[in-house]
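First comes the structure, then the notes that go with it.
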Amino acid sequence: AQSVTQPDIHITVSEGASLELRCNYSYGATPYLFWYVQSPGQGLQLLLKYFSGDTLVQGIKGFEAEFKRSQSSFNLRKPSVHWSDAAEYFCAVGARPGAGSYQLTFGKGTKLSVIP
Amino acid sequence: DGGITQSPKYLFRKEGQNVTLSCEQNLNHDAMYWYRQDPGQGLRLIYYSQIVNDFQKGDIAEGYSVSREKKESFPLTVTSAQKNPTAFYLCASSIEGHSNQPQHFGDGTRLSIL
């Protein structure tokens, strides 16, 4: 079964600074990978996804993520953080067809705080 | 606009009571899901349904029940057997029930015990 680890529970950055949120996965092959964002009291919104091909994926709101097979990582980045980016971020992994369940497995989340 | 509607936004349960959380989608998606979210725990899958009249247990199905009589609707009942029901419940849907399909989420229902 697949698993996801988000090592940082809480990160604080200054507005305008760069951001990197870490995500490590455990899976026997190349999984499907997702990043979601959740504002307080709201549902999750998809930021970006990786299925195959180019390992650098562009998403909404200026976010990007890079898939590194050798490190089993899928870290989320943004060059310049805005105060509105303060939220909780979840990494998720899904198995390839026939190689696991249909379920997505979510990490426990990283809460991002932004200092004005 | 298409989307997922969860109701109510807040719900209170008395001891020994069953309560039902509503989830409706107008995205014409085949698959629907229920997750439970607790602080610091991420999302845990309760039940999922890949097609009408079919559903499967997720990782934490005990104390919960679902039905999928219509494509648009996937209500979740929290039974009195669920001893720790206080949590934020999220409903989601996807075009198909495969793990390469992005899931679309509702805005959640927060359930508390009176």
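In the structure tokens, chains take the letters A, B, ... in the order shown, each chain's residues start at 1, and ligands count up from 1 in the order shown.
Residue-level contacts from chain B to chain A at 9 Å, counting only C-alpha atoms, read Pro39, Gly40, Gln41, Gly42, Leu43, Arg44, Leu45, Tyr48, Gly58, Phe88, Leu90, Cys91, Ala92, Gly97, His98, Ser99, Asn100, Pro102, Gln103, His104, Phe105, Gly106, Asp107, Gly108, Thr109 and Arg110 of chain B.
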DSSP-assigned strand (DSSP E or B) among segment 7-95 of chain B, expressed as an MDAnalysis selection string
chainID B and resid 7 10:13 19:25 31:38 42:51 54:57 64:66 70 73 76:78 87:94
Residues from last step as file, C-alpha atoms, as a PDB file, in the first residue's frame:
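Wrote part07.pdb, looks like this:
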ATOM      1  CA  SER B   7     -25.323  20.231   4.458  1.00  0.00           C
ATOM      2  CA  TYR B  10     -22.670  22.497  11.503  1.00  0.00           C
ATOM      3  CA  LEU B  11     -24.407  19.579  13.190  1.00  0.00           C
ATOM      4  CA  PHE B  12     -24.828  18.562  16.796  1.00  0.00           C
ATOM      5  CA  ARG B  13     -25.495  15.041  17.955  1.00  0.00           C
ATOM      6  CA  VAL B  19     -27.390  11.745  12.349  1.00  0.00           C
ATOM      7  CA  THR B  20     -27.205  11.993   8.568  1.00  0.00           C
ATOM      8  CA  LEU B  21     -24.904  14.271   6.609  1.00  0.00           C
ATOM      9  CA  SER B  22     -25.998  15.261   3.134  1.00  0.00           C
ATOM     10  CA  CYS B  23     -23.777  15.373   0.044  1.00  0.00           C
ATOM     11  CA  GLU B  24     -25.103  16.339  -3.390  1.00  0.00           C
ATOM     12  CA  GLN B  25     -23.113  16.850  -6.591  1.00  0.00           C
ATOM     13  CA  ALA B  31     -17.497   8.262  -7.949  1.00  0.00           C
ATOM     14  CA  MET B  32     -18.129   9.795  -4.532  1.00  0.00           C
ATOM     15  CA  TYR B  33     -16.231   9.651  -1.263  1.00  0.00           C
ATOM     16  CA  TRP B  34     -16.576  10.469   2.422  1.00  0.00           C
ATOM     17  CA  TYR B  35     -13.566  11.509   4.494  1.00  0.00           C
ATOM     18  CA  ARG B  36     -13.133  12.292   8.151  1.00  0.00           C
ATOM     19  CA  GLN B  37     -10.650  14.999   9.126  1.00  0.00           C
ATOM     20  CA  ASP B  38      -9.264  15.372  12.637  1.00  0.00           C
ATOM     21  CA  GLY B  42      -5.051  14.457   7.538  1.00  0.00           C
ATOM     22  CA  LEU B  43      -7.974  12.888   5.696  1.00  0.00           C
ATOM     23  CA  ARG B  44      -9.099   9.339   6.376  1.00  0.00           C
ATOM     24  CA  LEU B  45     -11.461   7.541   4.008  1.00  0.00           C
ATOM     25  CA  ILE B  46     -14.749   6.341   5.517  1.00  0.00           C
ATOM     26  CA  TYR B  47     -16.659   5.023   2.480  1.00  0.00           C
ATOM     27  CA  TYR B  48     -16.506   5.384  -1.259  1.00  0.00           C
ATOM     28  CA  SER B  49     -18.806   4.602  -4.154  1.00  0.00           C
ATOM     29  CA  GLN B  50     -17.615   4.081  -7.711  1.00  0.00           C
ATOM     30  CA  ILE B  51     -21.091   3.807  -9.184  1.00  0.00           C
ATOM     31  CA  ASP B  54     -22.484   0.212  -5.034  1.00  0.00           C
ATOM     32  CA  PHE B  55     -20.162   1.315  -2.244  1.00  0.00           C
ATOM     33  CA  GLN B  56     -17.136   0.014  -0.357  1.00  0.00           C
ATOM     34  CA  LYS B  57     -15.729   0.512   3.104  1.00  0.00           C
ATOM     35  CA  TYR B  64     -20.840   4.794   9.769  1.00  0.00           C
ATOM     36  CA  SER B  65     -23.239   3.821   6.974  1.00  0.00           C
ATOM     37  CA  VAL B  66     -23.930   5.164   3.476  1.00  0.00           C
ATOM     38  CA  LYS B  70     -28.886   8.276  -6.999  1.00  0.00           C
ATOM     39  CA  SER B  73     -26.394  11.902  -3.776  1.00  0.00           C
ATOM     40  CA  LEU B  76     -23.467   9.540   5.320  1.00  0.00           C
ATOM     41  CA  THR B  77     -25.101   8.376   8.553  1.00  0.00           C
ATOM     42  CA  VAL B  78     -23.093   8.613  11.735  1.00  0.00           C
ATOM     43  CA  ALA B  87     -14.764  15.752  13.481  1.00  0.00           C
ATOM     44  CA  PHE B  88     -14.909  17.636  10.199  1.00  0.00           C
ATOM     45  CA  TYR B  89     -16.506  15.515   7.453  1.00  0.00           C
ATOM     46  CA  LEU B  90     -15.658  16.074   3.804  1.00  0.00           C
ATOM     47  CA  CYS B  91     -17.476  14.708   0.786  1.00  0.00           C
ATOM     48  CA  ALA B  92     -15.716  14.463  -2.574  1.00  0.00           C
ATOM     49  CA  SER B  93     -16.409  13.243  -6.079  1.00  0.00           C
ATOM     50  CA  SER B  94     -14.424  12.321  -9.167  1.00  0.00           C
TER      51      SER B  94
END
I'd like the neighbourhood of Glu15 of chain B as a list in words, where a residue qualifies if any of its atoms comes within 12 Å (using only C-alpha atoms), though same-chain residues fewer than 3 positions away should be ignored.
Phe12, Asn18, Val19, Val78, Thr79, Ser80, Ala81, Gln82, Lys83, Asn84, Pro85, Thr86, Ser112, Ile113 and Leu114 of chain B
Need the shell around Pro79 of chain A: protein/DNA/RNA residues with any atom at most 12 Å away, counting only C-alpha atoms. Skip same-chain ones fewer than 4 positions apart. Format as a ChimeraX atom specification?
/A:13-21,61-65
